[in-house]
>>> print(open('model.txt').read())   # compact mmCIF, C-alpha atoms
# COMPACT_ATOMS: atom_id res chain seq x y z
CA MET A 1 -74.17 -150.23 109.78
CA ARG A 2 -72.78 -151.17 113.18
CA ASP A 3 -75.06 -154.18 113.36
CA LEU A 4 -74.00 -155.18 109.87
CA LEU A 5 -70.32 -154.99 110.82
CA PRO A 6 -70.04 -156.21 114.41
CA ILE A 7 -66.86 -155.03 116.06
CA ALA A 8 -66.12 -158.36 117.72
CA THR A 9 -66.02 -160.11 114.33
CA LEU A 10 -64.13 -157.42 112.46
CA SER A 11 -61.57 -156.95 115.22
CA VAL A 12 -60.75 -160.65 115.21
CA PHE A 13 -60.58 -160.52 111.41
CA PHE A 14 -58.18 -157.58 111.36
CA ALA A 15 -56.16 -159.04 114.22
CA VAL A 16 -55.65 -162.33 112.37
CA LEU A 17 -54.74 -160.40 109.21
CA ALA A 18 -52.17 -158.47 111.25
CA LEU A 19 -50.61 -161.72 112.45
CA LEU A 20 -50.67 -162.97 108.87
CA CYS A 21 -48.71 -159.85 107.88
CA TRP A 22 -45.95 -160.91 110.25
CA VAL A 23 -45.96 -164.47 108.93
CA ILE A 24 -45.60 -163.16 105.37
CA ALA A 25 -42.93 -160.61 106.29
CA ILE A 26 -40.85 -163.13 108.22
CA ALA A 27 -41.22 -165.77 105.49
CA LEU A 28 -40.06 -163.26 102.86
CA VAL A 29 -37.05 -162.18 104.90
CA VAL A 30 -36.06 -165.78 105.65
CA GLY A 31 -36.56 -166.68 101.98
CA ALA A 32 -34.34 -163.78 100.91
CA LEU A 33 -31.62 -164.83 103.35
CA VAL A 34 -31.72 -168.44 102.17
CA ARG A 35 -31.54 -167.29 98.58
CA ARG A 36 -28.62 -165.02 99.30
CA SER A 37 -26.78 -167.88 100.95
CA GLN A 38 -26.97 -169.71 97.65
CA HIS A 39 -24.82 -166.96 96.11
CA GLY A 40 -27.05 -166.33 93.17
CA ARG A 41 -26.86 -169.87 91.90
CA PRO A 42 -30.20 -170.59 90.34
CA GLY A 43 -31.98 -172.77 92.85
CA ARG A 44 -35.40 -174.19 93.31
CA LEU A 45 -36.48 -170.93 94.91
CA GLU A 46 -36.17 -168.95 91.68
CA PRO A 47 -39.63 -169.55 90.18
CA LEU A 48 -41.19 -168.83 93.55
CA ARG A 49 -39.14 -165.69 93.90
CA ASP A 50 -40.30 -164.53 90.46
CA ASP A 51 -43.93 -165.12 91.32
CA ILE A 52 -43.63 -163.25 94.57
CA GLY A 53 -41.67 -160.42 92.98
CA ARG A 54 -44.40 -159.97 90.42
CA ALA A 55 -47.26 -160.08 92.91
CA ALA A 56 -45.57 -158.00 95.61
CA LEU A 57 -46.65 -154.54 94.43
CA THR A 58 -50.28 -155.56 94.13
CA LEU A 59 -50.14 -157.28 97.50
CA ALA A 60 -48.65 -154.20 99.15
CA TRP A 61 -51.39 -152.12 97.57
CA LEU A 62 -54.05 -154.49 98.95
CA VAL A 63 -52.51 -154.19 102.41
CA ALA A 64 -52.65 -150.39 102.14
CA VAL A 65 -56.29 -150.53 101.02
CA VAL A 66 -57.36 -152.91 103.79
CA THR A 67 -55.46 -150.86 106.39
CA THR A 68 -57.13 -147.67 105.19
CA LEU A 69 -60.60 -149.21 105.17
CA GLY A 70 -60.02 -150.75 108.60
CA SER A 71 -58.91 -147.42 110.00
CA LEU A 72 -61.96 -145.69 108.52
CA TYR A 73 -64.20 -148.43 109.89
CA TYR A 74 -63.02 -147.81 113.43
CA SER A 75 -63.32 -144.05 113.18
CA LYS A 76 -66.44 -143.66 111.01
CA VAL A 77 -68.55 -146.71 111.89
CA GLN A 78 -67.45 -147.34 115.47
CA GLU A 79 -66.75 -143.63 116.00
CA PHE A 80 -63.52 -144.16 117.90
CA VAL A 81 -61.77 -140.81 118.00
CA PRO A 82 -58.32 -141.08 116.37
CA CYS A 83 -55.60 -139.75 118.63
CA GLU A 84 -52.65 -137.68 117.51
CA LEU A 85 -50.37 -140.68 117.05
CA CYS A 86 -53.12 -142.42 115.07
CA TRP A 87 -53.23 -139.45 112.73
CA TYR A 88 -49.49 -139.58 112.02
CA GLN A 89 -49.80 -143.27 111.18
CA ARG A 90 -52.79 -142.58 108.99
CA ILE A 91 -50.82 -139.95 107.10
CA CYS A 92 -48.15 -142.56 106.40
CA VAL A 93 -50.58 -145.12 104.99
CA TYR A 94 -53.65 -143.46 103.45
CA PRO A 95 -51.93 -142.00 100.37
CA PHE A 96 -50.51 -145.40 99.48
CA ALA A 97 -53.97 -146.90 99.05
CA VAL A 98 -53.91 -144.89 95.80
CA ILE A 99 -50.21 -144.55 95.05
CA LEU A 100 -49.38 -148.25 95.35
CA GLY A 101 -52.40 -149.02 93.18
CA ILE A 102 -50.97 -146.85 90.43
CA ALA A 103 -47.50 -148.34 90.95
CA ALA A 104 -48.91 -151.87 90.77
CA TRP A 105 -50.75 -151.01 87.59
CA ARG A 106 -47.61 -149.55 86.02
CA ARG A 107 -45.44 -152.28 87.51
CA ASP A 108 -43.21 -149.59 88.84
CA ALA A 109 -41.20 -151.09 91.69
CA ALA A 110 -39.22 -147.86 91.95
CA ILE A 111 -42.10 -146.57 94.05
CA ARG A 112 -40.21 -148.12 96.95
CA VAL A 113 -37.82 -145.18 96.89
CA TYR A 114 -40.71 -142.93 97.90
CA ALA A 115 -42.83 -145.32 99.91
CA VAL A 116 -40.33 -147.12 102.14
CA PRO A 117 -39.16 -143.94 103.93
CA MET A 118 -42.80 -143.15 104.73
CA PHE A 119 -43.35 -146.66 106.00
CA ALA A 120 -40.19 -146.38 108.08
CA ILE A 121 -41.62 -143.28 109.75
CA GLY A 122 -44.86 -145.19 110.25
CA ILE A 123 -42.97 -148.11 111.81
CA VAL A 124 -41.29 -145.82 114.34
CA ILE A 125 -44.56 -144.16 115.38
CA ALA A 126 -46.55 -147.38 115.40
CA THR A 127 -43.89 -149.13 117.48
CA TYR A 128 -43.99 -146.38 120.07
CA HIS A 129 -47.79 -146.36 120.05
CA THR A 130 -47.96 -150.15 120.36
CA TRP A 131 -45.59 -149.94 123.29
CA ILE A 132 -47.58 -147.36 125.24
CA GLN A 133 -50.83 -149.24 124.63
CA ALA A 134 -49.30 -152.44 125.90
CA PHE A 135 -47.62 -150.73 128.85
CA PRO A 136 -49.44 -147.46 129.58
CA PRO A 137 -47.05 -145.02 131.27
CA ASP A 138 -48.24 -143.98 134.73
CA ASN A 139 -47.91 -140.28 134.09
CA GLY A 140 -49.40 -140.30 130.60
CA THR A 141 -47.61 -139.11 127.48
CA SER A 142 -47.21 -135.72 125.91
CA PHE A 143 -49.29 -136.91 122.96
CA CYS A 144 -52.31 -137.88 125.02
CA THR A 145 -55.27 -135.61 125.46
CA ALA A 146 -58.43 -136.39 127.36
CA ALA A 147 -60.47 -135.91 124.20
CA ALA A 148 -58.45 -138.42 122.20
CA PRO A 149 -56.35 -140.52 124.55
CA CYS A 150 -53.68 -142.50 122.78
CA THR A 151 -53.33 -145.15 125.45
CA THR A 152 -56.92 -146.29 125.07
CA ARG A 153 -57.13 -149.87 123.90
CA TYR A 154 -60.08 -149.65 121.58
CA VAL A 155 -59.08 -153.09 120.34
CA TRP A 156 -57.22 -155.68 122.37
CA GLU A 157 -57.35 -159.10 120.74
CA PHE A 158 -55.46 -162.20 121.88
CA GLY A 159 -54.04 -160.17 124.76
CA PHE A 160 -51.72 -158.07 122.61
CA VAL A 161 -53.15 -157.04 119.23
CA SER A 162 -54.06 -153.35 119.44
CA LEU A 163 -54.87 -150.90 116.65
CA PRO A 164 -51.30 -149.54 116.50
CA PHE A 165 -50.01 -153.11 116.44
CA MET A 166 -52.18 -153.68 113.35
CA ALA A 167 -50.75 -150.52 111.79
CA LEU A 168 -47.22 -151.69 112.62
CA SER A 169 -47.91 -155.06 111.01
CA ALA A 170 -49.15 -153.37 107.86
CA PHE A 171 -46.14 -151.04 107.66
CA VAL A 172 -43.71 -153.91 108.12
CA VAL A 173 -45.27 -156.21 105.54
CA MET A 174 -45.66 -153.37 103.01
CA THR A 175 -42.01 -152.43 103.46
CA VAL A 176 -40.84 -156.02 102.95
CA LEU A 177 -43.15 -156.50 99.97
CA LEU A 178 -41.86 -153.34 98.30
CA LEU A 179 -38.28 -154.44 98.87
CA VAL A 180 -38.90 -157.79 97.15
CA ALA A 181 -41.05 -156.32 94.38
CA ARG A 182 -39.72 -156.71 90.89
CA PRO A 183 -41.10 -155.08 87.83
CA ALA A 184 -42.37 -157.64 85.38
CA PRO A 185 -43.77 -157.35 81.92
CA ARG A 186 -47.42 -157.69 81.24
CA ARG A 187 -47.69 -161.16 79.99
CA SER A 188 -49.94 -160.81 76.99
CA ALA A 189 -51.35 -158.21 74.70
CA PRO A 190 -55.00 -158.37 75.84
CA GLN A 191 -53.99 -157.51 79.38
CA GLU A 192 -52.17 -154.51 78.07
CA ASN A 193 -55.35 -153.19 76.56
CA GLN A 194 -57.41 -153.43 79.72
CA MET B 1 -29.49 -150.77 88.13
CA SER B 2 -32.06 -148.68 86.43
CA ASN B 3 -35.48 -148.86 87.87
CA LYS B 4 -36.73 -145.45 86.93
CA PRO B 5 -40.33 -145.29 85.95
CA SER B 6 -40.77 -145.17 82.24
CA SER B 7 -43.70 -144.50 80.04
CA LYS B 8 -42.73 -147.64 78.19
CA PRO B 9 -43.02 -149.91 81.15
CA GLN B 10 -40.92 -152.81 79.96
CA ALA B 11 -37.66 -152.33 78.22
CA SER B 12 -36.22 -155.73 77.54
CA ALA B 13 -33.03 -155.57 79.60
CA LYS B 14 -34.75 -154.01 82.51
CA VAL B 15 -36.42 -156.99 83.91
CA ARG B 16 -34.50 -159.90 85.22
CA ALA B 17 -37.63 -161.79 86.04
CA ALA B 18 -38.87 -161.52 82.51
CA SER B 19 -37.17 -164.74 81.49
CA GLY B 20 -39.42 -166.70 83.78
CA ALA B 21 -42.52 -164.73 83.05
CA GLY B 22 -43.96 -166.86 80.33
CA ARG B 23 -43.50 -170.06 82.26
CA SER B 24 -44.57 -169.44 85.78
CA SER B 25 -47.77 -167.87 86.88
CA SER B 26 -48.74 -166.08 90.05
CA LEU B 27 -52.20 -167.57 89.87
CA TRP B 28 -51.52 -170.06 92.66
CA LEU B 29 -50.36 -167.18 94.82
CA TRP B 30 -53.57 -165.22 94.36
CA LEU B 31 -55.77 -168.25 94.84
CA GLY B 32 -53.84 -169.01 98.02
CA ILE B 33 -54.33 -165.48 99.31
CA VAL B 34 -58.05 -165.52 98.58
CA ALA B 35 -58.35 -168.89 100.34
CA VAL B 36 -56.45 -167.67 103.41
CA ILE B 37 -58.57 -164.50 103.62
CA LEU B 38 -61.75 -166.59 103.42
CA VAL B 39 -60.53 -168.84 106.22
CA VAL B 40 -59.63 -165.81 108.36
CA GLY B 41 -63.08 -164.36 107.66
CA VAL B 42 -64.83 -167.54 108.74
CA VAL B 43 -62.69 -167.77 111.88
CA ALA B 44 -63.49 -164.14 112.71
CA VAL B 45 -67.22 -164.67 112.27
CA VAL B 46 -67.17 -167.78 114.47
CA VAL B 47 -64.96 -166.24 117.17
CA GLY B 48 -66.77 -162.90 117.01
CA ARG B 49 -70.15 -164.57 117.35
CA SER B 50 -69.13 -166.73 120.29
CA SER B 51 -67.61 -163.79 122.12
CA SER B 52 -70.60 -161.53 121.72
CA SER B 53 -73.48 -163.85 122.51
CA GLY B 54 -74.64 -165.30 125.74
CA SER B 55 -75.84 -168.84 126.26
CA SER B 56 -79.38 -167.85 127.08
CA SER B 57 -79.65 -164.29 126.00
CA GLY B 58 -78.71 -164.20 122.36
CA GLY B 59 -76.25 -161.90 120.67
CA SER B 60 -75.62 -158.24 120.93
CA SER B 61 -73.23 -155.96 119.16
CA SER B 62 -71.75 -154.67 122.39
CA PRO B 63 -68.02 -155.12 122.62
CA SER B 64 -67.00 -158.09 124.69
CA GLY B 65 -64.27 -160.65 124.74
CA GLY B 66 -61.03 -159.21 123.54
CA THR B 67 -62.27 -155.79 122.58
CA VAL B 68 -62.51 -153.30 125.39
CA VAL B 69 -65.03 -150.50 125.25
CA PRO B 70 -63.69 -147.04 124.55
CA ASN B 71 -62.01 -145.92 127.72
CA GLY B 72 -60.34 -142.57 127.82
CA SER B 73 -58.97 -140.77 130.82
CA LEU B 74 -61.54 -138.02 131.04
CA GLN B 75 -61.75 -137.06 134.71
CA TYR B 76 -65.19 -135.49 134.85
CA GLY B 77 -68.01 -135.55 132.35
CA SER B 78 -70.37 -132.78 131.43
CA LEU B 79 -73.99 -133.73 131.38
CA ASP B 80 -77.58 -132.59 131.08
CA VAL B 81 -80.33 -134.03 133.19
CA SER B 82 -83.93 -133.88 132.02
CA GLY B 83 -86.97 -135.28 133.73
CA THR B 84 -87.67 -135.60 137.42
CA ALA B 85 -84.91 -136.77 139.72
CA LEU B 86 -85.54 -140.03 141.55
CA ALA B 87 -86.33 -139.72 145.23
CA GLN B 88 -83.38 -140.06 147.55
CA ALA B 89 -82.83 -143.66 148.61
CA PRO B 90 -84.11 -144.38 152.13
CA GLU B 91 -81.47 -144.57 154.82
CA THR B 92 -82.83 -147.65 156.52
CA ALA B 93 -82.71 -151.01 154.84
CA GLY B 94 -86.09 -152.54 154.16
CA ALA B 95 -87.91 -149.21 154.10
CA THR B 96 -90.21 -148.62 151.17
CA ASP B 97 -88.29 -147.01 148.31
CA PRO B 98 -90.21 -143.92 147.17
CA ALA B 99 -88.46 -144.06 143.77
CA VAL B 100 -90.23 -147.27 142.73
CA GLY B 101 -92.71 -146.41 139.99
CA GLN B 102 -90.98 -143.13 139.16
CA THR B 103 -89.78 -142.65 135.61
CA LEU B 104 -86.03 -142.73 135.18
CA PRO B 105 -84.73 -139.23 134.35
CA THR B 106 -82.64 -138.85 131.22
CA ILE B 107 -78.96 -138.10 131.73
CA ASP B 108 -77.24 -137.05 128.55
CA GLY B 109 -73.49 -137.10 129.11
CA GLN B 110 -70.10 -138.39 128.11
CA THR B 111 -68.09 -141.51 128.51
CA PHE B 112 -64.35 -141.54 129.21
CA ASP B 113 -63.36 -140.80 125.63
CA THR B 114 -65.83 -137.86 125.53
CA SER B 115 -68.21 -139.61 123.15
CA ARG B 116 -71.90 -139.17 123.96
CA ILE B 117 -73.82 -141.62 126.07
CA THR B 118 -77.29 -141.43 127.58
CA ILE B 119 -78.87 -143.00 130.61
CA GLY B 120 -82.64 -142.87 130.41
CA PRO B 121 -85.75 -144.76 129.39
CA ASP B 122 -85.09 -146.50 126.08
CA GLY B 123 -88.04 -148.82 125.71
CA LYS B 124 -86.08 -151.77 127.00
CA PRO B 125 -85.64 -153.17 130.50
CA GLN B 126 -82.34 -152.09 131.98
CA VAL B 127 -80.11 -152.15 135.00
CA VAL B 128 -78.26 -148.95 135.85
CA MET B 129 -75.23 -149.49 138.03
CA VAL B 130 -73.70 -146.60 139.96
CA VAL B 131 -70.08 -146.97 141.06
CA ALA B 132 -67.33 -144.86 142.60
CA HIS B 133 -63.70 -145.56 141.72
CA TRP B 134 -62.53 -145.43 145.35
CA CYS B 135 -65.23 -147.59 146.91
CA PRO B 136 -63.95 -151.03 148.00
CA HIS B 137 -67.31 -152.72 147.42
CA CYS B 138 -67.37 -151.40 143.85
CA ASN B 139 -63.82 -152.58 143.40
CA ALA B 140 -64.98 -156.06 144.39
CA GLU B 141 -68.28 -155.94 142.51
CA VAL B 142 -67.03 -154.79 139.12
CA PRO B 143 -64.73 -157.79 138.40
CA LYS B 144 -67.40 -160.17 139.70
CA ILE B 145 -70.00 -158.88 137.26
CA GLN B 146 -67.44 -158.60 134.47
CA GLN B 147 -66.64 -162.28 134.95
CA TRP B 148 -70.35 -163.06 134.66
CA LEU B 149 -70.53 -160.96 131.46
CA ASP B 150 -67.50 -162.73 130.03
CA ASP B 151 -69.10 -166.09 130.76
CA ASN B 152 -72.63 -165.25 129.68
CA GLY B 153 -72.26 -162.39 127.22
CA MET B 154 -74.08 -159.10 127.38
CA PRO B 155 -77.76 -159.82 127.92
CA ALA B 156 -79.57 -158.99 124.71
CA ASP B 157 -82.91 -158.24 126.35
CA VAL B 158 -81.72 -156.13 129.29
CA GLY B 159 -79.70 -152.98 128.75
CA LEU B 160 -76.75 -152.40 131.06
CA VAL B 161 -75.23 -149.03 131.74
CA THR B 162 -72.94 -147.65 134.43
CA LEU B 163 -72.68 -144.25 136.04
CA ALA B 164 -69.19 -143.53 137.40
CA THR B 165 -69.74 -140.91 140.07
CA ALA B 166 -68.10 -139.34 143.12
CA ASN B 167 -64.91 -138.84 141.14
CA ASP B 168 -62.22 -137.62 143.48
CA PRO B 169 -58.59 -137.01 142.47
CA THR B 170 -57.43 -137.36 146.07
CA ARG B 171 -58.63 -140.94 146.35
CA VAL B 172 -57.42 -144.22 144.87
CA ASN B 173 -58.02 -145.39 141.30
CA PHE B 174 -58.60 -141.89 139.92
CA PRO B 175 -59.55 -141.32 137.14
CA ALA B 176 -62.40 -143.80 136.97
CA GLY B 177 -61.71 -144.55 133.29
CA ASP B 178 -58.30 -146.01 134.11
CA TRP B 179 -59.77 -148.04 136.93
CA LEU B 180 -62.55 -149.52 134.80
CA ARG B 181 -60.14 -150.22 131.95
CA GLN B 182 -57.95 -152.19 134.33
CA LYS B 183 -61.01 -154.19 135.29
CA GLY B 184 -61.82 -154.77 131.61
CA TRP B 185 -65.26 -153.27 132.22
CA SER B 186 -67.30 -153.78 129.05
CA VAL B 187 -70.50 -152.02 130.16
CA PRO B 188 -70.98 -148.57 128.60
CA THR B 189 -70.26 -146.02 131.30
CA LEU B 190 -71.35 -142.42 131.75
CA LEU B 191 -68.96 -140.21 133.68
CA ASP B 192 -70.55 -137.95 136.27
CA ASP B 193 -69.61 -134.30 136.52
CA LYS B 194 -67.84 -132.54 139.38
CA SER B 195 -71.10 -131.79 141.21
CA ASN B 196 -72.30 -135.41 140.85
CA ALA B 197 -75.44 -134.21 139.09
CA GLY B 198 -75.96 -137.69 137.63
CA ALA B 199 -75.94 -139.46 141.00
CA LYS B 200 -78.23 -136.78 142.43
CA ALA B 201 -80.69 -137.30 139.58
CA LEU B 202 -80.77 -140.99 140.47
CA GLY B 203 -81.15 -140.32 144.20
CA VAL B 204 -78.14 -142.47 144.95
CA GLY B 205 -77.39 -143.04 148.62
CA GLY B 206 -74.42 -145.43 148.51
CA TYR B 207 -72.07 -147.33 146.23
CA PRO B 208 -72.56 -149.48 144.37
CA THR B 209 -76.22 -148.78 143.64
CA PHE B 210 -78.28 -150.84 141.21
CA ILE B 211 -81.40 -149.37 139.67
CA VAL B 212 -83.67 -151.83 137.91
CA VAL B 213 -85.83 -150.16 135.26
CA GLY B 214 -88.67 -151.79 133.37
CA ALA B 215 -89.36 -151.52 129.66
CA ASP B 216 -91.77 -148.66 130.46
CA GLY B 217 -88.89 -146.60 131.86
CA LYS B 218 -90.21 -146.84 135.44
CA VAL B 219 -88.08 -147.88 138.38
CA VAL B 220 -88.85 -151.45 139.47
CA PHE B 221 -86.37 -151.82 142.25
CA ARG B 222 -83.33 -150.11 143.69
CA THR B 223 -80.65 -151.52 145.94
CA SER B 224 -77.29 -150.42 147.20
CA GLY B 225 -74.32 -152.35 148.51
CA GLU B 226 -72.34 -155.24 147.11
CA ILE B 227 -74.46 -158.03 145.66
CA THR B 228 -73.79 -161.67 144.82
CA ILE B 229 -74.07 -163.21 141.38
CA PRO B 230 -77.43 -164.90 142.19
CA GLN B 231 -78.69 -161.48 143.29
CA TRP B 232 -77.35 -159.98 140.07
CA GLU B 233 -79.27 -162.55 138.09
CA GLN B 234 -82.37 -161.71 140.12
CA LEU B 235 -81.94 -158.06 139.17
CA LEU B 236 -81.82 -158.96 135.48
CA GLN B 237 -84.93 -161.08 135.95
CA ALA B 238 -86.65 -158.22 137.79
CA ALA B 239 -85.88 -155.93 134.86
CA ARG B 240 -87.37 -158.44 132.41
CA THR B 241 -90.54 -159.04 134.40
CA GLY B 242 -90.99 -155.56 135.86
CA THR B 243 -91.44 -157.11 139.31
CA ALA B 244 -89.10 -156.50 142.23
CA PRO B 245 -87.28 -159.57 143.56
CA THR B 246 -89.06 -160.92 146.61
CA ALA B 247 -86.13 -162.29 148.55
>>> encode(input="model.txt", output="structure tokens")
Amino acid sequence: MRDLLPIATLSVFFAVLALLCWVIAIALVVGALVRRSQHGRPGRLEPLRDDIGRAALTLAWLVAVVTTLGSLYYSKVQEFVPCELCWYQRICVYPFAVILGIAAWRRDAAIRVYAVPMFAIGIVIATYHTWIQAFPPDNGTSFCTAAAPCTTRYVWEFGFVSLPFMALSAFVVMTVLLLVARPAPRRSAPQENQ
Amino acid sequence: MSNKPSSKPQASAKVRAASGAGRSSSLWLWLGIVAVILVVGVVAVVVGRSSSSGSSSGGSSSPSGGTVVPNGSLQYGSLDVSGTALAQAPETAGATDPAVGQTLPTIDGQTFDTSRITIGPDGKPQVVMVVAHWCPHCNAEVPKIQQWLDDNGMPADVGLVTLATANDPTRVNFPAGDWLRQKGWSVPTLLDDKSNAGAKALGVGGYPTFIVVGADGKVVFRTSGEITIPQWEQLLQAARTGTAPTA
């Protein structure tokens, strides 16, 4: 299994995906600001905005699924022991691999009311965790134990992408995606019968 | 605005975007995402391959490049030694090493994150490196060899393993895990216990010590003190051939 999924390859893959999350999140925020500056006048951005609004829930769900699988890969295949902070972040993302799937299926953008607060908690923890991995405190942290140290850089790509940074990227892009999500009708009858 | 979930998902007034739904399609978006993911995958395979394979030695799945091996802050390991300890290294340089030809004992212990790691015969030539976090020669040797590993990749045909011994909280760079993490040390490392049972089992007399072991699990050569990169390459060659370097 480990030979099949070499860590060097997968870590680069996940690290690039994490950076992609930031590109998407920033593009969406900038797009929203530009659109707002047009004061609701229908502009050229409208069709694009509709497409994105429709796809956003499914995209957020995919991010949750990939994040969950990535996390399980590092702990079950590579056998990295998740630290306490890792567990809190996992709690904030694992359920949404299922919940966002259901929401995407039902086109229920109101899920954001439940999901965004969880992601906000995740963002706070992941930010702190990213910080202490980048700049390990000299005297340790109250969360760290020798058995599962939270300052260990199991992954350190491009000089700054750590596992908590990946989690942070996922939380941020999922939050932004949920905020831009719009419910949209199923387009045709056959799809409804799937 | 009402966005409560409803069993009838789409009431007409509910959805502002509905007006555009028939006309525009998200297909381009999904195709774009699939394309981007494929590109990222290809990049990862290429980068991952180049960072984990050496020019002459072929690939290995050992972490290298950007990914640092698990490094916790465990201060002392707990370990079990089985097999016969190697003879103590001779005090005088050039004396015949009584450990040559002995079978490497098996040390079953922990690395810095407490996960299990074993030093012992594994059917493959190997070089066991013994270091102490406070020893200046080790402090100079570790980055030198790491640089070589970064340039050449982990050798696929020779196993590398480190024993971090003589752990002492009163001396610099304690705990050893923090020290080796700072050095970006990508060789799997077993952490000795408080009584240095691991170093005793290897008959270590000084730091760093290099123990060259053949594919048959028998000691080919042992040396202590800082070595140069050409000497390091000789050690790898000695492990492959099962013959001690002559120089």
>>> closest_residue(input="model.txt", among="A:Met118, A:Ala60, A:Val161, A:Cys92", to="Ala25 of chain A", atoms="only C-alpha atoms")
A:Ala60
>>> residues_around(input="model.txt", residues="Ala197 of chain B", least_positions_apart="5", cutoff="12 Å", atoms="all atoms listed in the file", output="list in words")
Tyr76, Gly77, Ser78, Leu79, Asp80, Val81, Ser82, Ala85, Leu86, Pro105, Thr106, Ile107, Asp108, Gly109, Leu163, Ala164, Thr165, Ala166, Asn167, Leu190, Leu191, Asp192, Leu202, Gly203 and Val204 of chain B
>>> closest_residue(input="model.txt", among="B:Val130, B:Val43, B:Leu104, B:Lys144", to="Ala199 of chain B", atoms="all atoms listed in the file")
B:Val130
>>> residues_around(input="model.txt", residues="segment 171-180 of chain B", least_positions_apart="6", cutoff="8 Å", atoms="only C-alpha atoms", output="PyMOL selection string")
chain B and resi 71-75+112+132-134+164
>>> atom_distance(input="model.txt", atom1="atom CA of Val127 of chain B", atom2="atom CA of Ile211 of chain B")
5.6 Å
>>> atom_distance(input="model.txt", atom1="atom CA of Trp105 of chain A", atom2="atom CA of Val30 of chain A")
27.6 Å
>>> atom_distance(input="model.txt", atom1="atom CA of Phe160 of chain A", atom2="atom CA of Pro6 of chain A")
20.2 Å
>>> closest_residue(input="model.txt", among="B:Val212, B:Val47, B:Leu160, B:Ile119", to="chain A", atoms="all atoms listed in the file")
B:Val47
>>> residues_around(input="model.txt", residues="Ile229 of chain B", least_positions_apart="5", cutoff="12 Å", atoms="all atoms listed in the file", output="list in words")
Ala140, Glu141, Val142, Pro143, Lys144, Ile145, Gln146, Gln147, Trp148, Leu149, Asn152, Gln234, Leu235 and Leu236 of chain B
>>> closest_residue(input="model.txt", among="A:Ala32, A:Cys86, A:Ile125, A:Leu48", to="chain B", atoms="all atoms listed in the file")
A:Leu48
>>> residues_around(input="model.txt", residues="Thr243 of chain B", least_positions_apart="5", cutoff="8 Å", atoms="all atoms listed in the file", output="NGL selection string")
:B and (220-221 or 238)
>>> residues_around(input="model.txt", residues="Phe13 of chain A", least_positions_apart="4", cutoff="8 Å", atoms="all atoms listed in the file", output="PyMOL selection string")
(chain A and resi 9+17) or (chain B and resi 40-41+43-45)
>>> closest_residue(input="model.txt", among="A:Leu168, A:Pro95, A:Trp87, A:Glu157", to="Ala126 of chain A", atoms="only C-alpha atoms")
A:Leu168
>>> closest_residue(input="model.txt", among="B:Gly184, B:Gly198, B:Pro136, B:Pro98", to="chain A", atoms="all atoms listed in the file")
B:Gly184
